[in-house]
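S.K.: See query-v7.cif below, with mmCIF, C-alpha atoms.
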```
data_work
loop_
_atom_site.group_PDB
_atom_site.id
_atom_site.type_symbol
_atom_site.label_atom_id
_atom_site.label_comp_id
_atom_site.auth_asym_id
_atom_site.auth_seq_id
_atom_site.Cartn_x
_atom_site.Cartn_y
_atom_site.Cartn_z
ATOM 1 C CA MET A 1 18.825 20.754 18.547
ATOM 2 C CA LYS A 2 19.774 19.219 15.208
ATOM 3 C CA PHE A 3 18.092 15.851 14.878
ATOM 4 C CA ALA A 4 17.917 12.942 12.424
ATOM 5 C CA PHE A 5 15.430 10.130 11.898
ATOM 6 C CA VAL A 6 16.466 6.526 11.273
ATOM 7 C CA MET A 7 14.084 3.886 9.948
ATOM 8 C CA PRO A 8 14.183 0.304 11.258
ATOM 9 C CA GLY A 9 14.143 -2.706 8.961
ATOM 10 C CA GLN A 10 13.555 -6.430 9.216
ATOM 11 C CA GLY A 11 13.703 -7.786 12.763
ATOM 12 C CA SER A 12 11.681 -4.992 14.404
ATOM 13 C CA GLN A 13 8.297 -6.478 13.449
ATOM 14 C CA SER A 14 5.895 -7.875 16.030
ATOM 15 C CA LEU A 15 2.267 -8.939 16.045
ATOM 16 C CA GLY A 16 -0.022 -6.009 16.913
ATOM 17 C CA MET A 17 2.828 -3.478 16.793
ATOM 18 C CA MET A 18 0.713 -0.661 15.341
ATOM 19 C CA ALA A 19 -1.733 -0.713 18.275
ATOM 20 C CA ALA A 20 0.878 1.279 20.236
ATOM 21 C CA TYR A 21 0.032 4.350 18.124
ATOM 22 C CA GLY A 22 -3.666 4.451 18.991
ATOM 23 C CA ASP A 23 -6.528 4.777 16.553
ATOM 24 C CA LYS A 24 -4.967 7.410 14.312
ATOM 25 C CA PRO A 25 -6.533 7.687 10.831
ATOM 26 C CA VAL A 26 -3.166 8.398 9.136
ATOM 27 C CA ILE A 27 -1.796 5.035 10.346
ATOM 28 C CA ARG A 28 -4.682 3.065 8.854
ATOM 29 C CA ALA A 29 -4.683 5.157 5.665
ATOM 30 C CA THR A 30 -0.984 4.415 5.107
ATOM 31 C CA PHE A 31 -1.562 0.677 5.520
ATOM 32 C CA ASP A 32 -4.551 0.840 3.173
ATOM 33 C CA GLU A 33 -2.348 2.550 0.564
ATOM 34 C CA ALA A 34 0.417 -0.037 0.977
ATOM 35 C CA SER A 35 -2.076 -2.925 0.892
ATOM 36 C CA GLY A 36 -3.625 -1.555 -2.296
ATOM 37 C CA ALA A 37 -0.203 -1.356 -3.960
ATOM 38 C CA LEU A 38 0.602 -4.924 -2.921
ATOM 39 C CA GLY A 39 -2.800 -6.486 -3.544
ATOM 40 C CA ARG A 40 -3.081 -8.013 -0.073
ATOM 41 C CA ASP A 41 -4.139 -6.863 3.381
ATOM 42 C CA LEU A 42 -1.115 -5.827 5.455
ATOM 43 C CA TRP A 43 -3.314 -4.349 8.198
ATOM 44 C CA GLN A 44 -4.972 -7.699 8.890
ATOM 45 C CA LEU A 45 -1.569 -9.408 8.829
ATOM 46 C CA VAL A 46 -0.018 -7.045 11.379
ATOM 47 C CA HIS A 47 -3.021 -7.318 13.719
ATOM 48 C CA GLU A 48 -4.048 -10.952 13.365
ATOM 49 C CA GLY A 49 -0.917 -12.690 12.117
ATOM 50 C CA PRO A 50 -0.150 -15.495 12.474
ATOM 51 C CA ALA A 51 3.309 -14.546 13.743
ATOM 52 C CA GLU A 52 5.022 -17.119 11.475
ATOM 53 C CA LEU A 53 3.519 -15.388 8.435
ATOM 54 C CA LEU A 54 4.528 -11.982 9.804
ATOM 55 C CA SER A 55 8.156 -13.089 10.057
ATOM 56 C CA GLN A 56 8.416 -14.427 6.498
ATOM 57 C CA THR A 57 10.813 -12.121 4.639
ATOM 58 C CA VAL A 58 8.418 -11.586 1.746
ATOM 59 C CA ASN A 59 5.800 -10.260 4.210
ATOM 60 C CA THR A 60 8.092 -8.564 6.721
ATOM 61 C CA GLN A 61 9.770 -6.208 4.261
ATOM 62 C CA PRO A 62 6.607 -4.535 2.830
ATOM 63 C CA LEU A 63 5.042 -4.606 6.296
ATOM 64 C CA MET A 64 7.934 -2.777 7.968
ATOM 65 C CA LEU A 65 8.092 -0.252 5.130
ATOM 66 C CA ALA A 66 4.388 0.532 5.644
ATOM 67 C CA ALA A 67 4.891 0.748 9.417
ATOM 68 C CA ASP A 68 7.855 3.128 9.175
ATOM 69 C CA ILE A 69 6.009 5.436 6.766
ATOM 70 C CA ALA A 70 2.838 5.308 8.897
ATOM 71 C CA VAL A 71 4.840 6.564 11.907
ATOM 72 C CA TRP A 72 6.575 9.176 9.729
ATOM 73 C CA ARG A 73 3.222 10.475 8.487
ATOM 74 C CA LEU A 74 1.813 10.508 12.020
ATOM 75 C CA TRP A 75 4.807 12.628 13.108
ATOM 76 C CA LEU A 76 4.074 15.117 10.322
ATOM 77 C CA ASP A 77 0.328 14.983 11.062
ATOM 78 C CA LEU A 78 0.994 16.016 14.667
ATOM 79 C CA GLY A 79 3.009 19.016 13.477
ATOM 80 C CA GLY A 80 6.457 17.445 13.736
ATOM 81 C CA PRO A 81 9.222 19.298 11.882
ATOM 82 C CA ALA A 82 11.305 17.521 9.247
ATOM 83 C CA PRO A 83 14.621 16.100 10.475
ATOM 84 C CA ALA A 84 17.923 17.459 9.163
ATOM 85 C CA MET A 85 18.919 13.994 7.937
ATOM 86 C CA LEU A 86 17.560 10.505 7.349
ATOM 87 C CA ALA A 87 18.956 6.978 7.192
ATOM 88 C CA GLY A 88 17.502 3.489 7.351
ATOM 89 C CA HIS A 89 18.937 0.141 8.412
ATOM 90 C CA SER A 90 18.943 -2.192 5.379
ATOM 91 C CA LEU A 91 15.269 -2.359 4.335
ATOM 92 C CA GLY A 92 14.761 0.820 6.388
ATOM 93 C CA GLU A 93 16.721 2.754 3.748
ATOM 94 C CA TYR A 94 13.723 2.372 1.425
ATOM 95 C CA ALA A 95 11.493 3.966 4.080
ATOM 96 C CA ALA A 96 14.011 6.804 4.470
ATOM 97 C CA LEU A 97 13.890 7.409 0.706
ATOM 98 C CA VAL A 98 10.076 7.452 0.691
ATOM 99 C CA ALA A 99 10.134 9.927 3.600
ATOM 100 C CA ALA A 100 12.627 12.078 1.653
ATOM 101 C CA GLY A 101 10.286 12.143 -1.351
ATOM 102 C CA VAL A 102 12.614 10.125 -3.617
ATOM 103 C CA LEU A 103 9.951 7.559 -4.502
ATOM 104 C CA ASP A 104 6.283 7.006 -3.759
ATOM 105 C CA LEU A 105 5.041 4.451 -1.233
ATOM 106 C CA LYS A 106 2.895 2.807 -3.933
ATOM 107 C CA ASP A 107 6.088 2.062 -5.912
ATOM 108 C CA ALA A 108 8.257 1.205 -2.917
ATOM 109 C CA VAL A 109 5.975 -1.478 -1.447
ATOM 110 C CA PRO A 110 5.987 -3.878 -4.433
ATOM 111 C CA LEU A 111 9.683 -3.088 -4.939
ATOM 112 C CA VAL A 112 10.640 -4.283 -1.449
ATOM 113 C CA GLU A 113 8.437 -7.343 -1.841
ATOM 114 C CA LEU A 114 10.404 -8.168 -4.992
ATOM 115 C CA ARG A 115 13.652 -7.468 -3.090
ATOM 116 C CA ALA A 116 12.565 -9.869 -0.348
ATOM 117 C CA ARG A 117 11.609 -12.579 -2.836
ATOM 118 C CA ALA A 118 14.862 -12.128 -4.767
ATOM 119 C CA MET A 119 16.923 -12.405 -1.567
ATOM 120 C CA GLN A 120 14.974 -15.492 -0.491
ATOM 121 C CA GLU A 121 15.483 -17.181 -3.866
ATOM 122 C CA ALA A 122 19.158 -16.212 -4.305
ATOM 123 C CA VAL A 123 20.303 -19.062 -2.066
ATOM 124 C CA PRO A 124 18.652 -22.503 -1.719
ATOM 125 C CA ALA A 125 16.820 -22.946 1.591
ATOM 126 C CA GLY A 126 19.073 -24.228 4.379
ATOM 127 C CA THR A 127 22.382 -23.416 2.688
ATOM 128 C CA GLY A 128 22.831 -19.886 4.093
ATOM 129 C CA ALA A 129 22.950 -18.525 7.638
ATOM 130 C CA MET A 130 23.616 -15.432 9.740
ATOM 131 C CA ALA A 131 25.041 -15.029 13.246
ATOM 132 C CA ALA A 132 25.381 -12.069 15.609
ATOM 133 C CA ILE A 133 28.817 -11.744 17.213
ATOM 134 C CA LEU A 134 28.734 -9.880 20.520
ATOM 135 C CA GLY A 135 31.641 -8.426 22.439
ATOM 136 C CA LEU A 136 34.363 -8.663 19.791
ATOM 137 C CA ASP A 137 35.644 -5.767 17.700
ATOM 138 C CA ALA A 138 34.875 -5.780 13.990
ATOM 139 C CA GLU A 139 38.454 -6.288 12.801
ATOM 140 C CA LYS A 140 38.752 -9.506 14.812
ATOM 141 C CA VAL A 141 35.379 -10.667 13.488
ATOM 142 C CA GLN A 142 36.561 -10.046 9.914
ATOM 143 C CA ALA A 143 39.796 -11.939 10.604
ATOM 144 C CA ALA A 144 37.816 -14.892 11.973
ATOM 145 C CA CYS A 145 35.649 -14.898 8.838
ATOM 146 C CA ALA A 146 38.690 -14.868 6.562
ATOM 147 C CA ALA A 147 40.241 -17.776 8.459
ATOM 148 C CA SER A 148 36.992 -19.782 8.461
ATOM 149 C CA ALA A 149 35.856 -19.430 4.838
ATOM 150 C CA GLN A 150 37.709 -22.493 3.488
ATOM 151 C CA GLY A 151 36.523 -21.758 -0.043
ATOM 152 C CA GLU A 152 33.000 -20.786 1.037
ATOM 153 C CA VAL A 153 31.495 -17.356 1.730
ATOM 154 C CA VAL A 154 31.371 -15.897 5.242
ATOM 155 C CA GLU A 155 31.556 -12.139 5.768
ATOM 156 C CA ALA A 156 30.819 -9.390 8.249
ATOM 157 C CA VAL A 157 27.597 -7.889 6.865
ATOM 158 C CA ASN A 158 26.082 -5.652 9.562
ATOM 159 C CA PHE A 159 28.364 -3.359 11.554
ATOM 160 C CA ASN A 160 25.643 -2.513 14.080
ATOM 161 C CA SER A 161 27.772 -1.214 16.945
ATOM 162 C CA PRO A 162 31.430 -1.488 17.997
ATOM 163 C CA GLU A 163 30.470 -4.534 20.055
ATOM 164 C CA GLN A 164 27.933 -6.125 17.689
ATOM 165 C CA THR A 165 28.737 -7.381 14.199
ATOM 166 C CA VAL A 166 26.549 -9.748 12.190
ATOM 167 C CA ILE A 167 28.144 -12.285 9.862
ATOM 168 C CA ALA A 168 26.529 -14.140 6.937
ATOM 169 C CA GLY A 169 27.295 -16.643 4.227
ATOM 170 C CA HIS A 170 27.253 -20.405 3.700
ATOM 171 C CA LYS A 171 25.860 -22.141 6.791
ATOM 172 C CA ALA A 172 28.901 -24.299 7.567
ATOM 173 C CA ALA A 173 31.280 -21.366 7.100
ATOM 174 C CA VAL A 174 29.162 -19.147 9.367
ATOM 175 C CA GLU A 175 29.204 -21.854 12.044
ATOM 176 C CA ARG A 176 33.003 -22.174 11.759
ATOM 177 C CA ALA A 177 33.432 -18.395 11.946
ATOM 178 C CA ALA A 178 31.115 -18.163 14.961
ATOM 179 C CA GLU A 179 33.282 -20.701 16.803
ATOM 180 C CA ALA A 180 36.439 -18.832 15.730
ATOM 181 C CA CYS A 181 34.975 -15.572 17.077
ATOM 182 C CA LYS A 182 34.270 -17.219 20.434
ATOM 183 C CA ALA A 183 37.810 -18.554 20.521
ATOM 184 C CA ALA A 184 39.044 -15.005 19.798
ATOM 185 C CA GLY A 185 37.176 -13.654 22.820
ATOM 186 C CA ALA A 186 33.609 -12.926 21.704
ATOM 187 C CA LYS A 187 31.147 -12.955 24.602
ATOM 188 C CA ARG A 188 28.501 -14.656 22.482
ATOM 189 C CA ALA A 189 27.892 -15.875 18.934
ATOM 190 C CA VAL A 190 24.176 -16.266 18.260
ATOM 191 C CA MET A 191 22.787 -17.952 15.148
ATOM 192 C CA LEU A 192 19.926 -15.802 13.824
ATOM 193 C CA PRO A 193 16.508 -17.156 12.788
ATOM 194 C CA VAL A 194 16.628 -15.763 9.252
ATOM 195 C CA SER A 195 15.814 -17.304 5.910
ATOM 196 C CA ALA A 196 18.809 -16.061 3.884
ATOM 197 C CA PRO A 197 22.365 -14.706 4.311
ATOM 198 C CA PHE A 198 21.402 -11.063 3.773
ATOM 199 C CA HIS A 199 23.992 -8.510 2.589
ATOM 200 C CA SER A 200 26.596 -11.168 1.805
ATOM 201 C CA ALA A 201 28.146 -11.808 -1.619
ATOM 202 C CA LEU A 202 25.638 -14.671 -1.995
ATOM 203 C CA MET A 203 22.978 -11.989 -2.563
ATOM 204 C CA ARG A 204 24.420 -10.857 -5.907
ATOM 205 C CA PRO A 205 21.691 -12.614 -7.941
ATOM 206 C CA ALA A 206 19.139 -10.674 -5.869
ATOM 207 C CA ALA A 207 20.976 -7.413 -6.568
ATOM 208 C CA GLU A 208 20.720 -8.087 -10.309
ATOM 209 C CA ARG A 209 16.954 -8.648 -10.098
ATOM 210 C CA LEU A 210 16.612 -5.518 -7.998
ATOM 211 C CA GLN A 211 18.524 -3.485 -10.577
ATOM 212 C CA ALA A 212 16.103 -4.531 -13.324
ATOM 213 C CA ALA A 213 13.105 -3.556 -11.171
ATOM 214 C CA LEU A 214 14.604 -0.201 -10.168
ATOM 215 C CA GLU A 215 15.055 0.793 -13.809
ATOM 216 C CA LYS A 216 11.261 0.920 -14.163
ATOM 217 C CA ILE A 217 10.632 3.249 -11.186
ATOM 218 C CA GLU A 218 10.884 7.018 -11.125
ATOM 219 C CA PHE A 219 13.236 8.417 -8.478
ATOM 220 C CA ARG A 220 13.373 12.119 -7.562
ATOM 221 C CA THR A 221 15.952 14.344 -5.870
ATOM 222 C CA PRO A 222 15.621 13.921 -2.070
ATOM 223 C CA ALA A 223 13.995 16.760 -0.139
ATOM 224 C CA ILE A 224 15.942 15.645 2.966
ATOM 225 C CA PRO A 225 19.526 14.272 2.832
ATOM 226 C CA VAL A 226 19.658 10.471 3.190
ATOM 227 C CA VAL A 227 22.869 8.747 4.341
ATOM 228 C CA ASN A 228 23.086 5.441 2.494
ATOM 229 C CA ASN A 229 24.175 2.096 3.962
ATOM 230 C CA VAL A 230 26.663 1.023 1.335
ATOM 231 C CA ASP A 231 28.917 4.094 0.993
ATOM 232 C CA VAL A 232 27.921 6.082 4.120
ATOM 233 C CA ALA A 233 27.317 8.898 1.653
ATOM 234 C CA ILE A 234 24.609 11.397 0.748
ATOM 235 C CA SER A 235 23.593 11.584 -2.898
ATOM 236 C CA SER A 236 21.112 13.882 -4.624
ATOM 237 C CA ASP A 237 21.338 12.130 -7.990
ATOM 238 C CA PRO A 238 18.440 9.663 -8.564
ATOM 239 C CA ALA A 239 20.610 7.323 -10.681
ATOM 240 C CA ALA A 240 23.307 7.197 -7.979
ATOM 241 C CA ILE A 241 20.662 6.492 -5.315
ATOM 242 C CA LYS A 242 19.381 3.535 -7.337
ATOM 243 C CA ASP A 243 22.927 2.245 -7.809
ATOM 244 C CA ALA A 244 23.548 2.398 -4.051
ATOM 245 C CA LEU A 245 20.371 0.367 -3.412
ATOM 246 C CA VAL A 246 21.471 -2.291 -5.896
ATOM 247 C CA ARG A 247 24.900 -2.606 -4.254
ATOM 248 C CA GLN A 248 23.359 -2.514 -0.768
ATOM 249 C CA ALA A 249 21.662 -5.891 -1.289
ATOM 250 C CA ALA A 250 25.005 -7.740 -1.425
ATOM 251 C CA SER A 251 27.138 -5.361 0.665
ATOM 252 C CA PRO A 252 27.526 -4.674 4.404
ATOM 253 C CA VAL A 253 25.312 -2.266 6.345
ATOM 254 C CA ARG A 254 27.800 0.232 7.791
ATOM 255 C CA TRP A 255 25.679 1.461 10.685
ATOM 256 C CA VAL A 256 28.456 2.520 13.073
ATOM 257 C CA GLU A 257 29.931 4.764 10.387
ATOM 258 C CA THR A 258 26.468 6.115 9.529
ATOM 259 C CA MET A 259 25.901 7.268 13.102
ATOM 260 C CA ARG A 260 29.377 8.813 13.265
ATOM 261 C CA ALA A 261 28.834 10.594 9.930
ATOM 262 C CA MET A 262 25.621 12.092 11.293
ATOM 263 C CA GLN A 263 27.402 13.255 14.428
ATOM 264 C CA ALA A 264 30.203 14.789 12.316
ATOM 265 C CA ALA A 265 27.526 16.695 10.380
ATOM 266 C CA GLY A 266 26.305 18.290 13.615
ATOM 267 C CA ILE A 267 23.447 15.917 14.498
ATOM 268 C CA THR A 268 22.918 15.781 18.278
ATOM 269 C CA HIS A 269 19.839 13.529 18.509
ATOM 270 C CA VAL A 270 18.815 10.475 16.481
ATOM 271 C CA PHE A 271 15.229 9.228 16.717
ATOM 272 C CA GLU A 272 14.056 5.833 15.466
ATOM 273 C CA CYS A 273 10.955 6.376 13.347
ATOM 274 C CA GLY A 274 8.995 3.139 13.415
ATOM 275 C CA PRO A 275 7.989 0.248 15.677
ATOM 276 C CA GLY A 276 10.583 -1.116 18.094
ATOM 277 C CA LYS A 277 13.699 0.454 19.566
ATOM 278 C CA VAL A 278 16.627 -1.592 18.259
ATOM 279 C CA LEU A 279 18.310 1.317 16.464
ATOM 280 C CA ALA A 280 17.741 3.692 19.383
ATOM 281 C CA GLY A 281 19.679 1.287 21.576
ATOM 282 C CA LEU A 282 22.559 1.133 19.102
ATOM 283 C CA THR A 283 22.870 4.918 18.647
ATOM 284 C CA LYS A 284 24.695 5.753 21.869
ATOM 285 C CA ARG A 285 27.004 2.758 21.454
ATOM 286 C CA CYS A 286 28.024 3.878 17.967
ATOM 287 C CA ALA A 287 28.954 7.477 18.763
ATOM 288 C CA ASP A 288 29.771 8.973 22.169
ATOM 289 C CA GLY A 289 27.593 11.968 22.954
ATOM 290 C CA LEU A 290 24.922 11.172 20.351
ATOM 291 C CA ALA A 291 21.511 10.943 22.040
ATOM 292 C CA GLY A 292 19.070 8.274 20.888
ATOM 293 C CA GLY A 293 15.332 7.838 21.237
ATOM 294 C CA ALA A 294 12.500 5.792 19.723
ATOM 295 C CA LEU A 295 9.093 6.802 18.383
ATOM 296 C CA ASN A 296 7.820 3.340 19.252
ATOM 297 C CA ASP A 297 4.412 4.408 20.610
ATOM 298 C CA LEU A 298 2.149 7.457 20.661
ATOM 299 C CA ALA A 299 3.383 8.701 24.060
ATOM 300 C CA ALA A 300 7.027 8.537 22.924
ATOM 301 C CA LEU A 301 6.147 10.333 19.711
ATOM 302 C CA GLU A 302 4.341 13.134 21.562
ATOM 303 C CA SER A 303 7.133 13.552 24.151
ATOM 304 C CA THR A 304 9.768 13.654 21.382
ATOM 305 C CA LEU A 305 7.700 16.275 19.571
ATOM 306 C CA ALA A 306 7.638 18.402 22.710
ATOM 307 C CA THR A 307 11.415 18.020 23.115
ATOM 308 C CA VAL A 308 12.147 18.922 19.502
ATOM 309 C CA LYS A 309 9.862 21.947 19.572
ATOM 310 C CA GLY A 310 11.485 22.906 22.897
#
```
Can you dump the structure from the file as structure tokens?
M.R.:
Amino acid sequence: MKFAFVMPGQGSQSLGMMAAYGDKPVIRATFDEASGALGRDLWQLVHEGPAELLSQTVNTQPLMLAADIAVWRLWLDLGGPAPAMLAGHSLGEYAALVAAGVLDLKDAVPLVELRARAMQEAVPAGTGAMAAILGLDAEKVQAACAASAQGEVVEAVNFNSPEQTVIAGHKAAVERAAEACKAAGAKRAVMLPVSAPFHSALMRPAAERLQAALEKIEFRTPAIPVVNNVDVAISSDPAAIKDALVRQAASPVRWVETMRAMQAAGITHVFECGPGKVLAGLTKRCADGLAGGALNDLAALESTLATVKG
């Protein structure tokens, strides 16, 4: 079996999500490390909430990074072998890079908080939006966006599966494009409860702030290959990895292609390393024959370990 790990990003958070992994010291230690780097208590936030605070971008991004790395470290702690490849969905790419040894968690946590703040502040509140388009192929979604822009920004920004594409941009343009997608045959167009139009061209000011922050952080050569979101490519050069992260902020997440690239490289199983199972559900839809699974609780982690060790 040749397997890969993928790290979930924003949207997979839930109140009390780490309780599913039991009272494992490595989980708490990882959160303590992340909390120390951030200067606030992420453990209390994930356990006590409130949920509204948990879902604020500036909290969600460092929280999910800590959660992904806590599960990664638990996997290693239980004797789990390293995967052949890594990737992460949007924010999850930062977790993949920490797991690959490219940067330290203590540097990554404040970095993603800055990323979250920069994304939040790039567009005035209420002017941006995102919508998930279900049951319409990506080319038709892109055509609907082009026809609906009318001088504003609306783009396909997350290619999550062949049947699920997320669009983002100016609120009115997103609403027009959502209606155009339904008229073109989409089963559903769902406005998403998010605070900014992530991964759209409107995020360029955030990308510039991110670039300045990245210049101050040491990146190393990855110990495990990481497939990036923006180019669907693997890079071993620290400067190129930073550049891809800068461009990722205002560019689409090419998840379908990422899964297919992994399959082309001989990966047979993809396991979601972190709370939730959104990516595990997408895996099989992205590439026929690719098996997906989620390490979303201790039992799942232990059963996956047994499968991998065979």
S.K.: Quote the spacing between CA of Ser161 in chain A and CA of Ala291 in chain A in Å to one decimal place.
M.R.: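 Interatomic distance, CA of Ser161 in chain A to CA of Ala291 in chain A: 14.6 Å.
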S.K.: For Lys216 in chain A, which residue out of A:Lys277, A:Trp72, A:Ala173, A:Ala108 is the nearest one, using all atoms listed in the file?
M.R.: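 Among A:Lys277, A:Trp72, A:Ala173, A:Ala108, it is A:Ala108 that comes nearest to Lys216 in chain A.
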S.K.: Near Gln10 in chain A, counting all atoms listed in the file, which residues have an atom at most 9 Å away, once you skip same-chain residues fewer than 3 positions from it, shown as number ranges by chain?
M.R.: A: 13, 55, 57, 60-61, 64, 89-92
S.K.: Using only C-alpha atoms, pick whichever of A:Glu121, A:Glu152, A:Glu93, A:Asp297 has the shortest atom-to-atom distance to Lys242 in chain A.
M.R.: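 Counting only C-alpha atoms, the residue closest to Lys242 in chain A is A:Glu93.
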S.K.: Kindly indicate which residue among A:Leu279, A:Leu214, A:His269, A:Arg260 lies nearest to Asp243 in chain A, using all atoms listed in the file for the distances.
M.R.: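 Using all atoms listed in the file, the shortest distance to Asp243 in chain A belongs to A:Leu214.
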S.K.: In terms of the shortest atom-to-atom distance over all atoms listed in the file, which of A:Gly126, A:Gly289, A:Pro62, A:Gly135 is closest to Ser35 in chain A?
M.R.: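 Closest residue, counting all atoms listed in the file: A:Pro62.
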